[in-house]
Amino acid sequence: MSVTQEREQQVLDSVPTGILINGQWRDATGGKTLDVHDPATGKVLLSIADATTEDALAALDAASEAQRDWARTSARERAEILRRAFDLVTERAEDFALLMTMEMGKPLAEARGEVKYGAEFLRWFSEETVRDYGRYFTSPEGTNKMIVQRKPVGPSLLITPWNFPLAMATRKVAPAVAAGCTMILKPAKLTPLTSQLFAQVMQEAGLPAGVLNVVSSSSASSISGPLMQDDRLRKVSFTGSTPVGKRLLKDAADKVLRTSMELGGNAPFIVFEDADLDKAVQGAIDAKMRNMGEACTAANRFLVQKSVAKEFNEKFAAAMSALKTGRGTEDSTDVGPLVDDGARNDVDKLVQEAVKAGATVAAGGAKEEGPGYFYKPTVLTDVANDNPILQNEIFGPVAPVTTFETEEDAIRMANNTEYGLASYLYSKDFNRLIRVAEGLEFGLVGFNAGVISNAAAPFGGMKQSGMGREGGAEGIAEYTTTQYIGIADP
Ligand code: NAD
């Protein structure tokens with residue numbers, strides 16, 4: 001059943017509208033506010049406090065004051081807070097899902113999937129934190145004893161994008177809590193409401209005041225700039241576009257800050273002639289259309305072996321054309337709107353340029369008429385290897401398909417990008433899958449699967465897709481630093 005307006009209002013009414021500093025929700029300095037819109041209608045959903053530089057520095061005051069005591073809490077204590085947060089997010093899954101659909105546009109079924117995925121980081125790190133051991137051993141010479149221990153890196157700035165409003169927050173907050181770091185979370189201005197609600201849930205789960213501070217703001221650099229110049233900040237974890245990531249890396253150099261960078265992608269989706277083509281088409285839809293293509297892991301280029309390209313293209317174009325666009329709260333919706341008009345214009349420009357460069361539109365290829373920022377699910381065929389669309393992160397429901405002859409060609413073409421985040425392979429030959437995966441310069445490889453993200457897996461990119469890993473056993477290490485203690489021969 002589609003969602004009622006009353007239910008939407010009930011969820012919006014539950015969202016704290018202030019900034020969170022030292023456990024208190026308060027107005028922004030100067031009383032500025034920031035409007036959050038529904039991309040399916042363009043209407044304002046809610047106005048929240050718009051944090052200023054002064055607020056960001058107050059958040060850092062709170063984070064640095066709380067750091068010492070927080071670092072001394074037991075791993076078990078932190079684990080239990082995370083586990084309670086997992087339970088609370090799971091109990092309120094429907095509220096979180098609807099809120100994400102409203103502020104970001106993704107269909108409710110996908111938003112529910114994101115709640116499950118995002119909550120898993122809370123559970124996973126509640127389990128990991130108690131196993132974050134150090135070492136005690138005898139030196140190789142046998143003369144003295146050595147202790148190696150991990151300590152929290154310290155107050156961390158967490159900057160998240162708009163495309164996965166809950167999961168991008170939990171993927172950073174959960175390991176930081178597990179490691180014993182205090183935090184300043186700055187969500188994307190297009191979708192801050194989910195982070196606001198999530199921070200309240202963390203408070204309910206028992207997180208002490210000052211450990212998590214939230215400064216939603218219309219001006220990202222007025223928050224990140226001064227914080228990164230302050231000696232008390234120790235780490236920046238950023239998820240977003242490669243150009244902004246590069247800029248933050250340069251800024252981080254001034255204070256030699258620890259950094260984790262989850263940046264853009266240009267995922268190849270490779271279909272070999274021995275693949276099950278129906279499964280490959282379904283995988284292609286999953287890898288391309290989840291989140292309307294607005295995912296760093298979204299399949300961005302389809303490389304299909306020439307002998308099966310015609311059949312694949314026909315099936316893929318038919319499946320894409322059958323998808324129904326609409327507001328994410330409607331049961332019949334497969335594909336929601338893009339996040340704003342600028343994003344839609346960027347996607348359309350890439351499509352028109354690709355067509356000018358010789359591509360054929362096999363499905364879609366244009367904006368949807370009417371309100372909201374909808375774009376037709378699009379398949380482009382006859383895409384030449386040098387078509388510029390193959391080098392750009394599309395971030396929309398557009399699938400350019402190109403062809404290859406041999407396995408070596410497929411590897412070479414796949415690696416022909418400055419990015420190295422996700423990649424996907426379809427074949428029935430497991431040996432081939434391993435061979436090709438070993439040749440790929442990508443942090444994530446999906447075998448016969450269009451969606452592979454998991455809290456238990458290390459997520460992150462090679463090349464200009466970033467550095468560091470989120471999730472898995474690697475996730476906590478991003479928030480710890482190593483200390484060695486040498487002990488004279490007892
Ligand atoms: P973006 O880089 O515009 O913004 C990301 C975040 O950075 C937002 O919170 C934004 O307010 C902030 N920001 C923007 N300019 C800033 C500045 N000058 N200083 C400090 N902060 C600044 O990216 P986006 O449009 O929100 O997200 C889309 C991008 O994110 C895509 O490139 C996508 O591939 C990438 N992404 C990567 C991952 C990953 O894990 N690798 C996951 C999701 C999205």
# chains A, B, ... in the order shown; residues from 1 in each chain; ligands from 1
$ closest_atom_pairs --of "chain A" --to "ligand 1" --cutoff "9 Å" --atoms "only C-alpha atoms and all ligand atoms" --output "Markdown table"
| residue | atom | partner | partner_atom_place_in_ligand_line | distance |
| --- | --- | --- | --- | --- |
| A:Leu158 | CA | ligand 1 | 9 (O) | 8.7 |
| A:Ile159 | CA | ligand 1 | 9 (O) | 5.0 |
| A:Thr160 | CA | ligand 1 | 9 (O) | 4.5 |
| A:Pro161 | CA | ligand 1 | 26 (O) | 3.6 |
| A:Trp162 | CA | ligand 1 | 26 (O) | 4.8 |
| A:Asn163 | CA | ligand 1 | 43 (C) | 6.2 |
| A:Phe164 | CA | ligand 1 | 43 (C) | 6.7 |
| A:Met168 | CA | ligand 1 | 42 (C) | 7.1 |
| A:Lys186 | CA | ligand 1 | 9 (O) | 6.1 |
| A:Pro187 | CA | ligand 1 | 9 (O) | 4.8 |
| A:Ala188 | CA | ligand 1 | 9 (O) | 3.4 |
| A:Lys189 | CA | ligand 1 | 11 (O) | 5.7 |
| A:Leu190 | CA | ligand 1 | 26 (O) | 8.1 |
| A:Thr191 | CA | ligand 1 | 9 (O) | 9.0 |
| A:Pro192 | CA | ligand 1 | 9 (O) | 8.9 |
| A:Ser216 | CA | ligand 1 | 9 (O) | 8.7 |
| A:Ser217 | CA | ligand 1 | 11 (O) | 7.7 |
| A:Ser218 | CA | ligand 1 | 11 (O) | 7.4 |
| A:Ser219 | CA | ligand 1 | 11 (O) | 7.0 |
| A:Ala220 | CA | ligand 1 | 21 (N) | 4.5 |
| A:Ser221 | CA | ligand 1 | 19 (N) | 4.0 |
| A:Ser222 | CA | ligand 1 | 19 (N) | 7.7 |
| A:Ile223 | CA | ligand 1 | 20 (C) | 7.3 |
| A:Ser224 | CA | ligand 1 | 20 (C) | 5.2 |
| A:Gly225 | CA | ligand 1 | 19 (N) | 6.9 |
| A:Phe238 | CA | ligand 1 | 7 (O) | 6.9 |
| A:Thr239 | CA | ligand 1 | 37 (C) | 5.1 |
| A:Gly240 | CA | ligand 1 | 30 (O) | 3.0 |
| A:Ser241 | CA | ligand 1 | 32 (O) | 3.4 |
| A:Thr242 | CA | ligand 1 | 32 (O) | 6.0 |
| A:Pro243 | CA | ligand 1 | 2 (O) | 7.0 |
| A:Val244 | CA | ligand 1 | 2 (O) | 4.9 |
| A:Gly245 | CA | ligand 1 | 2 (O) | 6.8 |
| A:Arg247 | CA | ligand 1 | 18 (N) | 7.0 |
| A:Leu248 | CA | ligand 1 | 19 (N) | 6.4 |
| A:Met261 | CA | ligand 1 | 41 (N) | 7.3 |
| A:Glu262 | CA | ligand 1 | 41 (N) | 3.6 |
| A:Leu263 | CA | ligand 1 | 41 (N) | 4.1 |
| A:Gly264 | CA | ligand 1 | 34 (O) | 3.2 |
| A:Gly265 | CA | ligand 1 | 34 (O) | 5.1 |
| A:Asn266 | CA | ligand 1 | 34 (O) | 8.2 |
| A:Glu294 | CA | ligand 1 | 33 (C) | 7.4 |
| A:Ala295 | CA | ligand 1 | 43 (C) | 5.7 |
| A:Cys296 | CA | ligand 1 | 34 (O) | 3.4 |
| A:Thr297 | CA | ligand 1 | 34 (O) | 7.1 |
| A:Ala298 | CA | ligand 1 | 34 (O) | 8.4 |
| A:Ala343 | CA | ligand 1 | 25 (O) | 8.6 |
| A:Glu393 | CA | ligand 1 | 32 (O) | 7.0 |
| A:Phe395 | CA | ligand 1 | 31 (C) | 7.1 |
| A:Leu421 | CA | ligand 1 | 41 (N) | 6.7 |
| A:Ala422 | CA | ligand 1 | 41 (N) | 8.9 |
| A:Phe459 | CA | ligand 1 | 40 (O) | 7.1 |
| A:Gly460 | CA | ligand 1 | 41 (N) | 6.1 |
| A:Gly461 | CA | ligand 1 | 41 (N) | 6.6 |
| A:Ser465 | CA | ligand 1 | 41 (N) | 6.3 |
| A:Gly466 | CA | ligand 1 | 41 (N) | 7.0 |
| A:Arg469 | CA | ligand 1 | 40 (O) | 8.9 |
| A:Glu470 | CA | ligand 1 | 40 (O) | 8.1 |
$ residues_around --residues "range 171-181 of chain A" --least-positions-apart "4" --cutoff "7 Å" --atoms "only C-alpha atoms" --output "MDAnalysis selection string"
chainID A and resid 67 70:71 78:79 82 118 121:122 125:126 129 152:156 158 167 470:471 475:476 479:480
$ closest_atom_pairs --of "range 159-260 of chain A" --to "range 86-108 of chain A" --cutoff "7 Å" --atoms "only C-alpha atoms" --output "Markdown table"
| residue | atom | partner | partner_atom | distance |
| --- | --- | --- | --- | --- |
| A:Pro165 | CA | A:Met100 | CA | 6.7 |
| A:Thr191 | CA | A:Glu103 | CA | 5.7 |
| A:Thr194 | CA | A:Met100 | CA | 6.4 |
| A:Val201 | CA | A:Leu88 | CA | 6.7 |
$ write_last_selection --atoms "C-alpha atoms" --output "PDB file, in the first residue's frame"
ATOM      1  CA  PRO A 165      22.011   8.743   3.746  1.00  0.00           C
ATOM      2  CA  THR A 191      19.906  14.616   2.703  1.00  0.00           C
ATOM      3  CA  THR A 194      18.445  10.657   8.099  1.00  0.00           C
ATOM      4  CA  VAL A 201      19.046   6.965  17.987  1.00  0.00           C
TER       5      VAL A 201
END
$ residues_around --residues "range 132-145 of chain A" --least-positions-apart "2" --cutoff "10 Å" --atoms "only C-alpha atoms" --output "JSON, numbers by chain"
{"A": [75, 127, 128, 129, 130, 147, 148, 149, 150, 151, 178, 179, 473, 476, 477, 480, 482, 483, 484, 485, 486, 487, 488, 489, 490]}
$ select_by_dssp --residues "range 144-317 of chain A" --states "strand (DSSP E)" --output "PyMOL selection string"
chain A and resi 145-152+156-159+183-186+212-214+235-239+258-262+267-271+299-305
$ write_last_selection --atoms "C-alpha atoms" --output "PDB file, in the first residue's frame"
ATOM      1  CA  LYS A 145      59.646  -7.765  25.772  1.00  0.00           C
ATOM      2  CA  MET A 146      57.546  -5.858  23.292  1.00  0.00           C
ATOM      3  CA  ILE A 147      53.969  -4.602  23.516  1.00  0.00           C
ATOM      4  CA  VAL A 148      52.099  -3.363  20.443  1.00  0.00           C
ATOM      5  CA  GLN A 149      48.752  -1.793  21.097  1.00  0.00           C
ATOM      6  CA  ARG A 150      46.144   0.104  19.164  1.00  0.00           C
ATOM      7  CA  LYS A 151      44.735   3.378  20.400  1.00  0.00           C
ATOM      8  CA  PRO A 152      41.906   5.518  19.036  1.00  0.00           C
ATOM      9  CA  SER A 156      37.388  12.583  13.628  1.00  0.00           C
ATOM     10  CA  LEU A 157      35.501  14.588  11.020  1.00  0.00           C
ATOM     11  CA  LEU A 158      33.093  12.389   9.058  1.00  0.00           C
ATOM     12  CA  ILE A 159      31.779  13.819   5.765  1.00  0.00           C
ATOM     13  CA  MET A 183      33.203  12.485  16.041  1.00  0.00           C
ATOM     14  CA  ILE A 184      31.825  15.440  14.157  1.00  0.00           C
ATOM     15  CA  LEU A 185      29.450  14.228  11.467  1.00  0.00           C
ATOM     16  CA  LYS A 186      28.716  16.530   8.517  1.00  0.00           C
ATOM     17  CA  LEU A 212      28.928  12.202  18.314  1.00  0.00           C
ATOM     18  CA  ASN A 213      28.265  15.784  17.250  1.00  0.00           C
ATOM     19  CA  VAL A 214      26.262  16.606  14.108  1.00  0.00           C
ATOM     20  CA  LYS A 235      41.274  12.417  11.195  1.00  0.00           C
ATOM     21  CA  VAL A 236      39.032  13.055   8.197  1.00  0.00           C
ATOM     22  CA  SER A 237      36.917  10.300   6.722  1.00  0.00           C
ATOM     23  CA  PHE A 238      35.291  11.423   3.496  1.00  0.00           C
ATOM     24  CA  THR A 239      32.892   9.770   1.065  1.00  0.00           C
ATOM     25  CA  ARG A 258      44.878  10.704   8.998  1.00  0.00           C
ATOM     26  CA  THR A 259      42.514  10.334   6.028  1.00  0.00           C
ATOM     27  CA  SER A 260      40.131   7.773   4.586  1.00  0.00           C
ATOM     28  CA  MET A 261      38.827   8.567   1.127  1.00  0.00           C
ATOM     29  CA  GLU A 262      35.890   6.751  -0.503  1.00  0.00           C
ATOM     30  CA  ALA A 267      32.664   0.229 -12.646  1.00  0.00           C
ATOM     31  CA  PRO A 268      32.993  -2.133 -15.608  1.00  0.00           C
ATOM     32  CA  PHE A 269      30.338  -4.856 -15.959  1.00  0.00           C
ATOM     33  CA  ILE A 270      31.920  -7.591 -18.084  1.00  0.00           C
ATOM     34  CA  VAL A 271      29.779 -10.253 -19.773  1.00  0.00           C
ATOM     35  CA  ALA A 299      27.954  -0.376 -13.220  1.00  0.00           C
ATOM     36  CA  ASN A 300      29.071   2.498 -15.410  1.00  0.00           C
ATOM     37  CA  ARG A 301      30.311   0.664 -18.520  1.00  0.00           C
ATOM     38  CA  PHE A 302      29.032  -2.612 -19.952  1.00  0.00           C
ATOM     39  CA  LEU A 303      31.707  -4.632 -21.769  1.00  0.00           C
ATOM     40  CA  VAL A 304      30.058  -7.517 -23.636  1.00  0.00           C
ATOM     41  CA  GLN A 305      31.845 -10.189 -25.668  1.00  0.00           C
TER      42      GLN A 305
END
$ residues_around --residues "Lys279 in chain A" --least-positions-apart "2" --cutoff "10 Å" --atoms "only C-alpha atoms" --output "JSON, numbers by chain"
{"A": [275, 276, 277, 281, 282, 283, 284, 285, 426, 448, 449, 450]}
$ atom_distance --atom1 "CA of Gly23 in chain A" --atom2 "CA of Pro208 in chain A"
7.3 Å
$ select_by_dssp --residues "range 1-190 of chain A" --states "alpha helix (DSSP H)" --output "VMD selection string"
chain A and resid 5 to 13 53 to 71 75 to 91 93 to 104 108 to 128 167 to 179
$ residues_around --residues "Arg84 in chain A" --least-positions-apart "6" --cutoff "9 Å" --atoms "only C-alpha atoms" --output "PyMOL selection string"
chain A and resi 122-123+202+204-206
$ write_last_selection --atoms "C-alpha atoms" --output "mmCIF file, in the first residue's frame"
data_model
loop_
_atom_site.group_PDB
_atom_site.id
_atom_site.type_symbol
_atom_site.label_atom_id
_atom_site.label_comp_id
_atom_site.auth_asym_id
_atom_site.auth_seq_id
_atom_site.Cartn_x
_atom_site.Cartn_y
_atom_site.Cartn_z
ATOM 1 C CA LEU A 122 26.389 -1.233 13.896
ATOM 2 C CA ARG A 123 26.078 -4.959 14.603
ATOM 3 C CA MET A 202 22.739 6.829 18.983
ATOM 4 C CA GLU A 204 19.027 6.711 22.910
ATOM 5 C CA ALA A 205 21.449 3.793 22.631
ATOM 6 C CA GLY A 206 23.550 5.384 25.377
#
$ atom_distance --atom1 "CA of Met320 in chain A" --atom2 "CA of Thr360 in chain A"
15.0 Å
$ atom_distance --atom1 "CA of Val115 in chain A" --atom2 "CA of Phe374 in chain A"
23.5 Å
$ residues_around --residues "Asp230 in chain A" --least-positions-apart "2" --cutoff "9 Å" --atoms "only C-alpha atoms" --output "ChimeraX atom specification"
/A:57,60,226-228,232-234,255
$ decode --residues "range 82-166 of chain A" --atoms "C-alpha atoms" --output "mmCIF file, in the first residue's frame"
data_model
loop_
_atom_site.group_PDB
_atom_site.id
_atom_site.type_symbol
_atom_site.label_atom_id
_atom_site.label_comp_id
_atom_site.auth_asym_id
_atom_site.auth_seq_id
_atom_site.Cartn_x
_atom_site.Cartn_y
_atom_site.Cartn_z
ATOM 1 C CA LEU A 82 26.475 -0.270 19.098
ATOM 2 C CA ARG A 83 24.339 -3.364 19.598
ATOM 3 C CA ARG A 84 21.537 -1.286 21.154
ATOM 4 C CA ALA A 85 21.805 1.148 18.233
ATOM 5 C CA PHE A 86 21.456 -1.799 15.829
ATOM 6 C CA ASP A 87 18.300 -2.912 17.645
ATOM 7 C CA LEU A 88 16.841 0.617 17.662
ATOM 8 C CA VAL A 89 17.526 1.252 13.960
ATOM 9 C CA THR A 90 16.020 -2.160 13.170
ATOM 10 C CA GLU A 91 12.925 -1.402 15.291
ATOM 11 C CA ARG A 92 12.520 1.912 13.486
ATOM 12 C CA ALA A 93 13.424 0.531 10.067
ATOM 13 C CA GLU A 94 10.188 1.760 8.476
ATOM 14 C CA ASP A 95 10.752 5.328 9.723
ATOM 15 C CA PHE A 96 14.325 5.403 8.420
ATOM 16 C CA ALA A 97 13.283 3.913 5.079
ATOM 17 C CA LEU A 98 10.468 6.387 4.531
ATOM 18 C CA LEU A 99 12.642 9.323 5.563
ATOM 19 C CA MET A 100 15.315 8.325 3.018
ATOM 20 C CA THR A 101 12.706 7.907 0.293
ATOM 21 C CA MET A 102 11.344 11.354 1.061
ATOM 22 C CA GLU A 103 14.630 13.240 1.156
ATOM 23 C CA MET A 104 16.592 11.278 -1.434
ATOM 24 C CA GLY A 105 14.016 9.710 -3.749
ATOM 25 C CA LYS A 106 14.947 6.016 -3.763
ATOM 26 C CA PRO A 107 12.028 3.555 -3.901
ATOM 27 C CA LEU A 108 10.871 2.327 -0.477
ATOM 28 C CA ALA A 109 11.925 -1.256 -1.153
ATOM 29 C CA GLU A 110 15.477 -0.050 -1.791
ATOM 30 C CA ALA A 111 15.384 2.241 1.219
ATOM 31 C CA ARG A 112 14.397 -0.761 3.365
ATOM 32 C CA GLY A 113 17.373 -2.627 1.908
ATOM 33 C CA GLU A 114 19.632 0.261 2.838
ATOM 34 C CA VAL A 115 18.347 0.266 6.418
ATOM 35 C CA LYS A 116 19.248 -3.416 6.713
ATOM 36 C CA TYR A 117 22.666 -2.868 5.127
ATOM 37 C CA GLY A 118 23.352 0.301 7.132
ATOM 38 C CA ALA A 119 22.262 -1.252 10.445
ATOM 39 C CA GLU A 120 24.608 -4.187 9.862
ATOM 40 C CA PHE A 121 27.632 -1.899 10.353
ATOM 41 C CA LEU A 122 26.389 -1.233 13.896
ATOM 42 C CA ARG A 123 26.078 -4.959 14.603
ATOM 43 C CA TRP A 124 29.299 -5.919 12.811
ATOM 44 C CA PHE A 125 31.435 -3.376 14.681
ATOM 45 C CA SER A 126 29.730 -4.216 17.990
ATOM 46 C CA GLU A 127 31.160 -7.695 17.396
ATOM 47 C CA GLU A 128 34.535 -6.553 16.067
ATOM 48 C CA THR A 129 35.424 -4.086 18.805
ATOM 49 C CA VAL A 130 35.953 -6.709 21.493
ATOM 50 C CA ARG A 131 38.410 -8.519 19.209
ATOM 51 C CA ASP A 132 40.598 -5.535 18.380
ATOM 52 C CA TYR A 133 43.643 -7.030 20.143
ATOM 53 C CA GLY A 134 47.249 -5.881 20.461
ATOM 54 C CA ARG A 135 50.364 -8.122 20.846
ATOM 55 C CA TYR A 136 52.851 -8.959 23.630
ATOM 56 C CA PHE A 137 55.947 -10.860 22.581
ATOM 57 C CA THR A 138 59.663 -11.415 23.097
ATOM 58 C CA SER A 139 62.059 -9.498 20.867
ATOM 59 C CA PRO A 140 63.818 -11.537 18.119
ATOM 60 C CA GLU A 141 67.071 -11.263 20.117
ATOM 61 C CA GLY A 142 65.355 -12.731 23.174
ATOM 62 C CA THR A 143 66.515 -9.815 25.285
ATOM 63 C CA ASN A 144 63.421 -7.773 25.940
ATOM 64 C CA LYS A 145 59.646 -7.765 25.772
ATOM 65 C CA MET A 146 57.546 -5.858 23.292
ATOM 66 C CA ILE A 147 53.969 -4.602 23.516
ATOM 67 C CA VAL A 148 52.099 -3.363 20.443
ATOM 68 C CA GLN A 149 48.752 -1.793 21.097
ATOM 69 C CA ARG A 150 46.144 0.104 19.164
ATOM 70 C CA LYS A 151 44.735 3.378 20.400
ATOM 71 C CA PRO A 152 41.906 5.518 19.036
ATOM 72 C CA VAL A 153 43.232 8.063 16.554
ATOM 73 C CA GLY A 154 41.166 10.834 18.197
ATOM 74 C CA PRO A 155 38.490 13.352 17.178
ATOM 75 C CA SER A 156 37.388 12.583 13.628
ATOM 76 C CA LEU A 157 35.501 14.588 11.020
ATOM 77 C CA LEU A 158 33.093 12.389 9.058
ATOM 78 C CA ILE A 159 31.779 13.819 5.765
ATOM 79 C CA THR A 160 29.070 11.838 3.975
ATOM 80 C CA PRO A 161 27.360 12.079 0.556
ATOM 81 C CA TRP A 162 23.634 12.216 -0.202
ATOM 82 C CA ASN A 163 23.201 8.929 -2.076
ATOM 83 C CA PHE A 164 23.066 6.481 0.877
ATOM 84 C CA PRO A 165 22.011 8.743 3.746
ATOM 85 C CA LEU A 166 21.959 6.056 6.447
#
